[in-house]
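S.K.: The file below is model_39.cif, mmCIF, C-alpha atoms:
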```
data_final
loop_
_atom_site.label_atom_id
_atom_site.label_comp_id
_atom_site.auth_asym_id
_atom_site.auth_seq_id
_atom_site.Cartn_x
_atom_site.Cartn_y
_atom_site.Cartn_z
CA MET A 12 43.29 18.20 -12.67
CA ALA A 13 40.48 16.24 -14.16
CA GLU A 14 36.99 16.70 -12.76
CA VAL A 15 34.04 14.38 -12.44
CA HIS A 16 30.44 15.38 -11.80
CA VAL A 17 28.02 12.73 -10.59
CA ILE A 18 24.47 14.03 -10.98
CA GLY A 19 21.48 11.78 -10.54
CA GLN A 20 19.03 10.15 -8.18
CA ILE A 21 18.58 7.11 -6.02
CA MET A 22 15.23 6.24 -7.58
CA GLY A 23 13.95 3.55 -5.23
CA ALA A 24 13.98 -0.10 -4.33
CA ILE A 25 12.08 -3.15 -5.48
CA GLY A 26 11.96 -6.78 -4.47
CA PHE A 27 12.26 -6.37 -0.71
CA SER A 28 9.85 -8.27 1.48
CA GLU A 29 9.18 -5.25 3.68
CA SER A 30 7.35 -2.23 2.36
CA SER A 31 8.36 0.93 4.30
CA LEU A 32 11.96 1.36 3.20
CA PHE A 33 14.70 3.95 3.42
CA CYS A 34 18.29 3.94 2.35
CA LYS A 35 21.50 5.24 3.92
CA TRP A 36 24.03 5.93 1.21
CA GLY A 37 27.61 7.10 1.03
CA VAL A 38 30.37 7.52 -1.54
CA HIS A 39 33.85 6.17 -0.94
CA THR A 40 36.80 7.26 -3.07
CA GLY A 41 40.53 6.64 -3.19
CA ALA A 42 43.23 8.99 -1.94
CA ALA A 43 43.69 10.76 -5.29
CA TRP A 44 40.10 12.08 -5.28
CA LYS A 45 38.93 15.24 -3.60
CA LEU A 46 35.31 16.20 -3.10
CA LEU A 47 34.88 19.82 -4.17
CA SER A 48 31.11 20.23 -3.71
CA GLY A 49 28.24 18.10 -2.60
CA VAL A 50 27.47 15.86 0.34
CA ARG A 51 29.26 12.57 0.48
CA GLU A 52 26.60 10.66 2.38
CA GLY A 53 22.98 10.90 3.37
CA GLN A 54 19.79 9.15 4.18
CA THR A 55 16.63 9.06 2.11
CA GLN A 56 13.05 9.50 3.24
CA VAL A 57 10.96 6.52 4.29
CA ASP A 58 8.54 5.57 1.55
CA THR A 59 5.46 3.36 1.70
CA PRO A 60 4.21 2.71 -1.81
CA GLN A 61 0.49 2.93 -2.57
CA VAL A 62 0.74 1.97 -6.23
CA GLY A 63 2.76 -1.09 -7.14
CA ASP A 64 5.50 -2.58 -5.02
CA MET A 65 8.46 -0.32 -5.71
CA ALA A 66 9.39 2.13 -2.94
CA TYR A 67 10.38 5.48 -4.49
CA TRP A 68 12.87 7.87 -2.88
CA SER A 69 13.97 10.15 -5.77
CA HIS A 70 16.90 11.20 -3.62
CA PRO A 71 19.12 13.67 -5.53
CA ILE A 72 22.86 13.11 -5.74
CA ASP A 73 25.10 15.94 -6.93
CA LEU A 74 28.84 15.48 -6.38
CA HIS A 75 31.80 17.32 -7.83
CA PHE A 76 35.17 15.56 -7.60
CA ALA A 77 38.63 16.58 -8.69
CA THR A 78 41.09 13.80 -9.27
CA LYS A 79 44.76 13.26 -9.95
CA GLY A 80 44.51 9.58 -10.75
CA LEU A 81 42.17 6.81 -11.83
CA GLN A 82 42.71 4.62 -8.78
CA GLY A 83 39.93 4.59 -6.25
CA TRP A 84 37.14 5.41 -8.69
CA PRO A 85 34.10 6.42 -6.56
CA ARG A 86 31.95 3.67 -5.15
CA LEU A 87 28.44 4.24 -3.91
CA HIS A 88 27.52 2.04 -0.94
CA LEU A 89 23.97 1.58 0.26
CA GLN A 90 22.19 0.21 3.30
CA VAL A 91 18.48 -0.41 2.88
CA TRP A 92 16.48 -0.42 6.09
CA SER A 93 12.81 -0.96 6.73
CA GLN A 94 10.73 0.86 9.31
CA ASP A 95 7.68 -0.73 10.86
CA SER A 96 4.58 0.93 12.28
CA PHE A 97 6.19 1.15 15.72
CA GLY A 98 9.12 3.15 14.35
CA ARG A 99 11.67 0.34 14.73
CA CYS A 100 14.24 -0.02 11.98
CA GLN A 101 15.50 -3.32 10.64
CA LEU A 102 18.25 -3.96 8.13
CA SER A 103 17.01 -5.19 4.76
CA GLY A 104 20.13 -5.20 2.65
CA TYR A 105 23.62 -3.92 1.94
CA GLY A 106 24.85 -3.16 -1.55
CA PHE A 107 27.42 -1.18 -3.47
CA CYS A 108 28.04 -0.19 -7.02
CA HIS A 109 30.79 1.74 -8.75
CA VAL A 110 29.85 5.09 -10.16
CA PRO A 111 29.84 4.56 -13.97
CA SER A 112 33.04 5.51 -15.73
CA SER A 113 31.68 6.60 -19.10
CA PRO A 114 29.98 9.98 -19.51
CA GLY A 115 26.23 10.11 -19.98
CA THR A 116 23.16 8.91 -18.15
CA HIS A 117 23.07 5.37 -16.79
CA GLN A 118 20.33 3.24 -15.25
CA LEU A 119 21.84 1.07 -12.54
CA ASP A 120 20.35 -1.86 -10.67
CA CYS A 121 22.29 -2.54 -7.49
CA PRO A 122 21.62 -5.95 -5.92
CA THR A 123 21.68 -6.19 -2.13
CA TRP A 124 22.41 -8.86 0.44
CA ARG A 125 21.92 -9.20 4.15
CA PRO A 126 23.89 -11.26 6.65
CA LEU A 127 22.22 -14.44 7.82
CA GLY A 128 22.89 -15.49 11.33
CA SER A 129 22.52 -18.85 13.02
CA TRP A 130 19.16 -20.58 12.73
CA ARG A 131 18.22 -19.11 16.10
CA GLU A 132 18.87 -15.60 14.86
CA GLN A 133 16.92 -16.23 11.68
CA LEU A 134 13.95 -17.48 13.68
CA ALA A 135 14.13 -14.48 15.99
CA ARG A 136 14.25 -12.16 13.00
CA ALA A 137 11.15 -13.73 11.53
CA PHE A 138 9.15 -13.28 14.72
CA VAL A 139 10.59 -10.33 16.59
CA GLY A 140 12.71 -8.50 14.05
CA GLY A 141 16.29 -7.33 14.30
CA GLY A 142 18.97 -9.61 13.00
CA PRO A 143 22.72 -9.39 12.51
CA GLN A 144 24.35 -6.26 11.08
CA LEU A 145 27.88 -5.48 9.99
CA LEU A 146 30.07 -3.84 12.61
CA HIS A 147 32.13 -1.92 10.08
CA GLY A 148 30.52 -0.43 7.03
CA ASP A 149 33.55 -0.91 4.81
CA ALA A 150 32.82 -4.59 4.34
CA ILE A 151 30.00 -3.42 2.07
CA TYR A 152 32.35 -2.13 -0.60
CA SER A 153 35.60 -3.97 0.06
CA GLY A 154 36.29 -7.61 -0.52
CA ALA A 155 38.75 -8.03 2.31
CA ASP A 156 36.98 -10.11 4.93
CA ARG A 157 33.99 -11.25 2.95
CA TYR A 158 34.86 -14.92 3.20
CA ARG A 159 33.67 -14.89 6.79
CA LEU A 160 30.11 -13.95 5.87
CA HIS A 161 27.09 -16.09 5.02
CA THR A 162 24.44 -13.94 3.40
CA ALA A 163 21.06 -14.05 1.68
CA ALA A 164 19.83 -11.88 -1.16
CA GLY A 165 17.75 -8.80 -0.56
CA GLY A 166 15.95 -6.74 -3.19
CA ILE A 167 17.34 -4.36 -5.84
CA VAL A 168 18.03 -0.62 -5.55
CA ARG A 169 17.47 1.36 -8.74
CA LEU A 170 19.65 4.38 -9.45
CA GLU A 171 19.86 6.79 -12.32
CA LEU A 172 23.30 8.38 -12.37
CA GLY A 173 24.61 10.83 -14.90
CA LEU A 174 28.30 11.38 -15.32
CA LEU A 175 29.98 14.50 -16.64
CA LEU A 176 33.74 14.37 -17.16
CA ARG A 177 36.06 17.31 -17.65
CA HIS A 178 39.57 17.43 -19.10
CA PHE A 179 39.92 13.66 -19.25
CA ASP A 180 41.02 13.90 -22.86
CA ARG A 181 43.86 16.25 -21.87
CA TYR A 182 45.42 13.42 -19.91
CA GLY A 183 44.82 10.86 -22.61
CA VAL A 184 42.20 8.93 -20.68
CA GLU A 185 39.65 7.15 -22.84
CA CYS A 186 36.23 6.49 -21.36
CA MET B 1198 47.20 35.65 -29.54
CA THR B 1199 44.21 33.34 -29.27
CA ALA B 1200 40.98 34.80 -27.98
CA ALA B 1201 40.05 33.88 -24.42
CA GLY B 1202 37.73 30.89 -24.33
CA PRO B 1203 34.20 31.08 -22.95
CA SER B 1204 33.82 30.94 -19.19
CA VAL B 1205 30.09 30.40 -19.16
CA PHE B 1206 28.03 27.64 -20.74
CA LEU B 1207 24.34 27.73 -21.56
CA LEU B 1208 21.66 25.10 -21.04
CA MET B 1209 18.40 25.44 -22.93
CA VAL B 1210 15.53 23.21 -21.93
CA ASN B 1211 12.18 23.05 -23.56
CA GLY B 1212 9.51 20.42 -23.42
CA GLN B 1213 6.31 19.67 -21.61
CA VAL B 1214 4.75 18.19 -18.55
CA GLU B 1215 2.94 15.60 -20.58
CA SER B 1216 0.60 13.52 -18.43
CA ALA B 1217 0.08 11.86 -15.08
CA GLN B 1218 -0.97 8.49 -13.76
CA PHE B 1219 -2.79 8.69 -10.43
CA PRO B 1220 -5.11 5.72 -10.09
CA GLU B 1221 -7.00 7.06 -7.08
CA TYR B 1222 -7.34 10.78 -7.82
CA ASP B 1223 -8.94 12.99 -10.43
CA ASP B 1224 -9.25 16.71 -11.36
CA LEU B 1225 -5.59 17.50 -10.85
CA TYR B 1226 -3.39 20.47 -11.68
CA CYS B 1227 0.32 20.77 -11.33
CA LYS B 1228 2.86 23.47 -10.54
CA TYR B 1229 6.46 23.28 -11.63
CA CYS B 1230 9.52 25.26 -10.61
CA PHE B 1231 13.25 24.91 -11.14
CA VAL B 1232 15.79 24.50 -8.35
CA TYR B 1233 19.44 25.13 -9.13
CA GLY B 1234 22.76 25.81 -7.43
CA GLN B 1235 24.46 29.10 -6.69
CA ASP B 1236 26.51 29.07 -9.88
CA TRP B 1237 23.42 28.98 -12.07
CA ALA B 1238 21.15 31.77 -13.26
CA PRO B 1239 18.12 31.68 -15.56
CA THR B 1240 18.55 33.95 -18.57
CA ALA B 1241 15.35 33.42 -20.52
CA GLY B 1242 12.01 31.73 -20.24
CA LEU B 1243 9.81 30.98 -17.27
CA GLU B 1244 11.07 29.38 -14.10
CA GLU B 1245 7.67 28.50 -12.74
CA GLY B 1246 4.23 27.68 -14.00
CA ILE B 1247 0.79 26.41 -13.03
CA SER B 1248 -1.08 24.11 -15.38
CA GLN B 1249 -4.77 23.71 -16.13
CA ILE B 1250 -7.01 21.34 -14.18
CA THR B 1251 -7.38 18.02 -15.97
CA SER B 1252 -9.89 15.21 -15.51
CA LYS B 1253 -9.52 11.58 -16.44
CA SER B 1254 -10.67 10.82 -19.97
CA GLN B 1255 -13.87 8.85 -20.47
CA ASP B 1256 -12.24 6.19 -22.61
CA VAL B 1257 -10.57 3.03 -21.41
CA ARG B 1258 -7.16 4.72 -20.95
CA ARG B 1259 -8.43 6.99 -18.13
CA ALA B 1260 -5.56 9.34 -18.98
CA LEU B 1261 -4.74 12.60 -17.17
CA VAL B 1262 -3.14 14.89 -19.76
CA TRP B 1263 -1.72 18.39 -19.21
CA ASN B 1264 0.53 18.92 -22.25
CA PHE B 1265 1.91 21.93 -20.34
CA PRO B 1266 4.89 23.70 -21.96
CA ILE B 1267 8.28 24.22 -20.32
CA ASP B 1268 10.78 26.66 -21.81
CA VAL B 1269 13.79 27.98 -19.91
CA THR B 1270 17.44 28.79 -20.51
CA PHE B 1271 20.15 28.80 -17.83
CA LYS B 1272 23.73 29.97 -17.81
CA SER B 1273 26.37 28.67 -15.45
CA THR B 1274 30.07 28.36 -14.75
CA ASN B 1275 29.88 25.01 -12.97
CA PRO B 1276 27.78 21.88 -13.46
CA TYR B 1277 27.43 21.51 -9.69
CA GLY B 1278 23.85 22.42 -8.78
CA TRP B 1279 22.53 21.23 -12.15
CA PRO B 1280 18.88 22.38 -12.39
CA GLN B 1281 16.14 20.13 -11.19
CA ILE B 1282 12.49 20.52 -12.04
CA VAL B 1283 10.22 20.18 -9.00
CA LEU B 1284 6.60 19.25 -9.62
CA SER B 1285 3.72 19.54 -7.18
CA VAL B 1286 0.35 18.07 -8.07
CA TYR B 1287 -2.83 19.21 -6.32
CA GLY B 1288 -6.44 18.12 -6.48
CA PRO B 1289 -9.73 18.33 -4.60
CA ASP B 1290 -10.57 15.97 -1.78
CA VAL B 1291 -14.03 14.63 -1.01
CA PHE B 1292 -15.00 17.86 0.80
CA GLY B 1293 -13.83 20.12 -2.03
CA ASN B 1294 -10.61 21.37 -0.40
CA ASP B 1295 -7.46 21.70 -2.48
CA VAL B 1296 -4.97 19.16 -1.19
CA VAL B 1297 -1.56 18.04 -2.35
CA ARG B 1298 -1.50 14.77 -4.27
CA GLY B 1299 2.21 14.44 -4.93
CA TYR B 1300 5.64 16.03 -5.06
CA GLY B 1301 8.43 14.89 -7.35
CA ALA B 1302 11.72 16.12 -8.73
CA VAL B 1303 14.18 15.14 -11.42
CA HIS B 1304 17.40 16.60 -12.81
CA VAL B 1305 17.15 18.13 -16.25
CA PRO B 1306 18.99 15.67 -18.53
CA PHE B 1307 22.43 16.91 -19.52
CA SER B 1308 23.10 15.20 -22.83
CA PRO B 1309 21.66 17.13 -25.76
CA GLY B 1310 18.66 15.56 -27.40
CA ARG B 1311 15.19 14.37 -26.63
CA HIS B 1312 14.46 12.65 -23.31
CA LYS B 1313 11.38 11.23 -21.64
CA ARG B 1314 11.29 10.92 -17.88
CA THR B 1315 8.56 9.36 -15.74
CA ILE B 1316 8.93 10.42 -12.14
CA PRO B 1317 7.20 9.06 -9.04
CA MET B 1318 5.12 11.45 -6.93
CA PHE B 1319 4.90 11.16 -3.15
CA VAL B 1320 3.14 12.92 -0.29
CA PRO B 1321 4.31 13.32 3.32
CA GLU B 1322 2.47 11.08 5.74
CA SER B 1323 0.90 12.05 9.04
CA THR B 1324 2.71 10.86 12.12
CA SER B 1325 -0.19 9.21 13.91
CA LYS B 1326 -3.56 7.76 12.97
CA LEU B 1327 -5.37 10.51 14.85
CA GLN B 1328 -3.50 13.16 12.89
CA LYS B 1329 -4.30 11.34 9.70
CA PHE B 1330 -8.00 11.39 10.46
CA THR B 1331 -7.94 15.02 11.56
CA SER B 1332 -6.13 16.12 8.45
CA TRP B 1333 -8.51 14.18 6.22
CA PHE B 1334 -11.51 15.67 7.99
CA MET B 1335 -10.28 19.28 8.10
CA GLY B 1336 -8.84 19.20 4.59
CA ARG B 1337 -5.36 20.25 5.74
CA ARG B 1338 -3.05 17.49 4.69
CA PRO B 1339 0.65 17.39 5.57
CA GLU B 1340 2.55 19.35 2.96
CA TYR B 1341 5.93 21.01 2.53
CA THR B 1342 6.06 24.74 3.27
CA ASP B 1343 8.43 25.14 0.36
CA PRO B 1344 8.19 22.50 -2.41
CA LYS B 1345 11.86 23.15 -3.26
CA VAL B 1346 12.78 20.94 -0.30
CA VAL B 1347 11.99 17.99 -2.55
CA ALA B 1348 15.05 18.80 -4.66
CA GLN B 1349 17.44 18.56 -1.73
CA GLY B 1350 18.85 15.50 -0.08
CA GLU B 1351 19.55 16.97 3.34
CA GLY B 1352 16.95 16.81 6.06
CA ARG B 1353 14.95 14.04 4.47
CA GLU B 1354 15.95 11.33 6.86
CA VAL B 1355 13.14 12.05 9.27
CA THR B 1356 10.30 12.27 6.78
CA ARG B 1357 7.85 9.51 6.00
CA VAL B 1358 6.15 9.59 2.64
CA ARG B 1359 3.74 7.62 0.51
CA SER B 1360 4.27 7.33 -3.22
CA GLN B 1361 1.00 7.32 -5.11
CA GLY B 1362 1.39 8.28 -8.75
CA PHE B 1363 3.65 9.19 -11.66
CA VAL B 1364 4.12 12.16 -13.96
CA THR B 1365 5.68 11.91 -17.41
CA LEU B 1366 7.84 14.75 -18.73
CA LEU B 1367 9.44 15.32 -22.10
CA PHE B 1368 12.63 17.36 -22.45
CA ASN B 1369 14.59 18.68 -25.40
CA VAL B 1370 18.02 19.76 -24.23
CA VAL B 1371 20.54 21.96 -26.04
CA THR B 1372 23.84 23.06 -24.52
CA LYS B 1373 26.32 25.66 -25.67
CA ASP B 1374 30.06 25.77 -25.01
CA MET B 1375 30.17 22.79 -22.68
CA ARG B 1376 32.60 21.02 -24.96
CA LYS B 1377 34.77 24.16 -25.29
CA LEU B 1378 35.08 24.27 -21.52
CA GLY B 1379 36.26 20.66 -21.50
CA TYR B 1380 33.09 18.87 -20.42
CA ASP B 1381 32.15 15.53 -21.94
CA THR B 1382 28.47 14.74 -21.59
CA GLY B 1383 28.54 11.38 -23.31
CA PRO B 1384 26.43 10.04 -26.14
CA PRO B 1385 22.83 11.17 -26.57
CA ASP B 1386 20.49 9.36 -24.24
CA THR B 1387 19.33 6.06 -25.74
CA GLN B 1388 16.38 5.64 -23.37
CA GLY B 1389 13.96 6.22 -26.22
CA ALA B 1390 11.56 9.12 -26.18
CA THR B 1391 9.16 7.66 -28.71
CA GLY B 1392 5.98 5.79 -28.05
CA PRO B 1393 3.08 6.40 -25.67
CA SER B 1394 3.56 6.97 -21.98
CA PRO B 1395 3.48 3.85 -19.82
CA PRO B 1396 0.12 3.10 -18.26
CA GLN B 1397 1.70 2.22 -14.95
CA GLY B 1398 5.14 2.17 -13.48
CA ILE B 1399 8.47 3.27 -14.84
CA PRO B 1400 9.60 1.73 -18.16
CA ARG B 1401 12.79 -0.33 -18.08
#
```
For this file, write the structure as structure tokens.
M.R.:
Amino acid sequence: MAEVHVIGQIMGAIGFSESSLFCKWGVHTGAAWKLLSGVREGQTQVDTPQVGDMAYWSHPIDLHFATKGLQGWPRLHLQVWSQDSFGRCQLSGYGFCHVPSSPGTHQLDCPTWRPLGSWREQLARAFVGGGPQLLHGDAIYSGADRYRLHTAAGGIVRLELGLLLRHFDRYGVEC
Amino acid sequence: MTAAGPSVFLLMVNGQVESAQFPEYDDLYCKYCFVYGQDWAPTAGLEEGISQITSKSQDVRRALVWNFPIDVTFKSTNPYGWPQIVLSVYGPDVFGNDVVRGYGAVHVPFSPGRHKRTIPMFVPESTSKLQKFTSWFMGRRPEYTDPKVVAQGEGREVTRVRSQGFVTLLFNVVTKDMRKLGYDTGPPDTQGATGPSPPQGIPR
């Protein structure tokens, strides 16, 4: 079986209007993939930047997959939330990106979006906070029911992911 | 009969903790240590170190330079648990106590060659304003009991931190027998390790 190691960090986020941010992340794969070691999902710390406007998490990711097929290449999905001084959390953006498919180190910029509601909900969000959220997290990385959504852009999540492939050349896979 | 292939690969890392950018703090020293998985073992070199105390230069750059050497070799059977270097930076506060100014961690690069990494440094934040004042006054800031926690992802969801500086590291990486074991680490990193360190922020 071929093996894939994903080793890297969720560096941080930039471009969000709120400043104390954290990220919930997870990795979704197809049926042919099996996670041998590592945690498939997690949540970063909450960071408030003192210098500049990028929130830094430096959250390590270390995953070891074994795979029998190329379908369902791993996808990293992210939810960026902000925390205010009262400890309330508010959604700032959803985003996903595929784990790179060529070996080596990659710098990734993952754009995010958040659902807009009606004008009432947008007004309430501006004053009181809160706002609409997705009921099912798989809309973040699948295209199935996206046509129902009306969204606005959030900021960008920066990731540095390194990919180590094993035995792909035995099966004739070029990447 | 062909000889049995290697079962272990080696990773040799050398380099330096080059410099730091902390706009608000001065007279800093740093400690580094390596965190790695169960399949890894250091075979040569030093796993930990403490640097000298450095002050900001008098010229316009206001640079904090350590130029502190790193030299370690690991052996492993599995890339899972790839070593990370964990840095902790400490400095004096206004009363003269030694307080933590930042923690940071980064994976050792895995493609052979020369790499420059600038990592952000963060400190845990006090829960309430009263605690913040008390810790400032008494000189006992919130810190991690074991800095190696910074290299793990689990258990971080309840911590609040403040990022307040950067440290630049240089690595030279050499691996042995990774290709024989079937691993493909990709082309050498094209991030560019030449040129001076950035004055502020991470280069893109």
S.K.: Would you mind telling me which residue in A:His16, A:His161, A:Arg125, A:Lys45 lies nearest to Leu89 in chain A when using all atoms listed in the file?
M.R.: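 Nearest candidate to Leu89 in chain A out of A:His16, A:His161, A:Arg125, A:Lys45: A:Arg125.
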S.K.: Using all atoms listed in the file, find the one residue out of A:Val184, A:Leu175, A:Ala150, A:Leu119 that sits nearest to chain B.
M.R.: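 Looking at the shortest contact to chain B, the residue is A:Leu175.
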S.K.: With a distance threshold of 9 Å and counting all atoms listed in the file, extract the residues of chain A near chain B and express them as a ChimeraX atom specification.
M.R.: /A:14,16-20,22,31,33-35,48-50,53-63,65-75,113-118,173-181
S.K.: Taking (37.7, 7.5, -9.0) in the file's own coordinates, collect the residues within 12 Å, counting only C-alpha atoms, and hand them back as an NGL selection string.
M.R.: :A and (13-17 or 38-46 or 75-87 or 109-113 or 174 or 176)
S.K.: Calculated over all atoms listed in the file, which of the candidates B:Phe1231, B:Tyr1226, B:Tyr1341, B:Phe1265 has the smallest distance to Ser1252 in chain B?
M.R.: B:Tyr1226
S.K.: Translate the PyMOL selection byres ((chain A and resi 144) around 8), as applied to the file shown, into an explicit residue set as a ChimeraX atom specification.
M.R.: /A:102,125-126,142-143,145-146
S.K.: Name the residues that the PyMOL selection byres ((chain B and resi 1313) around 6) pulls out of this structure, and write them as a list in words.
M.R.: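 Residues picked by the PyMOL selection byres ((chain B and resi 1313) around 6): His1312, Arg1314, Leu1366, Leu1367 and Ala1390 of chain B.
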S.K.: Just so the selection is clear, what residues does the PyMOL selection byres ((chain B and resi 1266) around 7) cover here, as number ranges by chain?
M.R.: B: 1212-1214, 1264-1265, 1267-1268
S.K.: What is the CA of Pro1239 in chain B-CA of Val1269 in chain B distance in Å, reported with one decimal?
M.R.: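 Straight-line distance from CA of Pro1239 in chain B to CA of Val1269 in chain B works out to 7.2 Å.
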S.K.: Using CA of Trp36 in chain A and CA of Leu1208 in chain B as the two end points, give the distance in Å to one decimal.
M.R.: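 CA of Trp36 in chain A sits 29.5 Å away from CA of Leu1208 in chain B.
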S.K.: Would you mind reading off the distance between CA of Ser30 in chain A and CA of Asp1343 in chain B, one decimal, in Å?
M.R.: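 For CA of Ser30 in chain A relative to CA of Asp1343 in chain B, the distance reads 27.5 Å.
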S.K.: Using all atoms listed in the file and a cutoff of 12 Å, can you tell me which residues are near (-5.8, 11.2, 5.0) in the file's coordinates, and write them out as a list in words?
M.R.: Asp1290, Val1291, Val1296, Val1297, Arg1298, Val1320, Pro1321, Glu1322, Ser1323, Thr1324, Ser1325, Lys1326, Leu1327, Gln1328, Lys1329, Phe1330, Thr1331, Ser1332, Trp1333, Phe1334, Met1335, Gly1336, Arg1337, Arg1338, Pro1339, Glu1340 and Arg1359 of chain B
S.K.: Grab the residues selected above and save them as a tab-separated table (two decimals), in the frame of the given file with C-alpha atoms.
M.R.:
```
chain	number	residue	atom	x	y	z
B	1290	ASP	CA	-10.57	15.97	-1.78
B	1291	VAL	CA	-14.03	14.63	-1.01
B	1296	VAL	CA	-4.97	19.16	-1.19
B	1297	VAL	CA	-1.56	18.04	-2.35
B	1298	ARG	CA	-1.50	14.77	-4.27
B	1320	VAL	CA	3.14	12.92	-0.29
B	1321	PRO	CA	4.31	13.32	3.32
B	1322	GLU	CA	2.47	11.08	5.74
B	1323	SER	CA	0.90	12.05	9.04
B	1324	THR	CA	2.71	10.86	12.12
B	1325	SER	CA	-0.19	9.21	13.91
B	1326	LYS	CA	-3.56	7.76	12.97
B	1327	LEU	CA	-5.37	10.51	14.85
B	1328	GLN	CA	-3.50	13.16	12.89
B	1329	LYS	CA	-4.30	11.34	9.70
B	1330	PHE	CA	-8.00	11.39	10.46
B	1331	THR	CA	-7.94	15.02	11.56
B	1332	SER	CA	-6.13	16.12	8.45
B	1333	TRP	CA	-8.51	14.18	6.22
B	1334	PHE	CA	-11.51	15.67	7.99
B	1335	MET	CA	-10.28	19.28	8.10
B	1336	GLY	CA	-8.84	19.20	4.59
B	1337	ARG	CA	-5.36	20.25	5.74
B	1338	ARG	CA	-3.05	17.49	4.69
B	1339	PRO	CA	0.65	17.39	5.57
B	1340	GLU	CA	2.55	19.35	2.96
B	1359	ARG	CA	3.74	7.62	0.51
```
S.K.: Extract, using all atoms listed in the file, all DNA, RNA and protein residues at most 12 Å from Met1209 in chain B, discarding same-chain residues fewer than 2 positions from it, and format them as a PyMOL selection string.
M.R.: chain B and resi 1206-1207+1211-1212+1238-1243+1267-1273+1280+1305-1310+1368-1374
S.K.: Between B:Glu1215, B:Tyr1222, B:Tyr1229, B:Val1346, which is the closest to Ser1285 in chain B once you count all atoms listed in the file?
M.R.: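 Among the listed residues, B:Tyr1229 lies closest to Ser1285 in chain B.
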S.K.: Within 6 Å of Gly37 in chain A, counting only C-alpha atoms, which residues show up once you throw out same-chain ones fewer than 5 positions away? Write them as a list of chain:residue names, please.
M.R.: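 Everything that qualifies: A:Arg51, A:Glu52, A:Leu87, A:His88.
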S.K.: Determine the nearest neighbour of Ala163 in chain A from the options A:Trp124, A:Trp130, A:Phe107, A:Phe138, counting all atoms listed in the file.
M.R.: A:Trp124
S.K.: With 6 Å of padding per side, what axis-aligned box (centre and edge lengths, Å, one decimal) covers all the listed atoms of range 59-70 of chain A? Give it as lines of an AutoDock Vina configuration file.
M.R.:
```
center_x = 8.7
center_y = 4.3
center_z = -2.7
size_x = 28.4
size_y = 25.8
size_z = 20.8
```
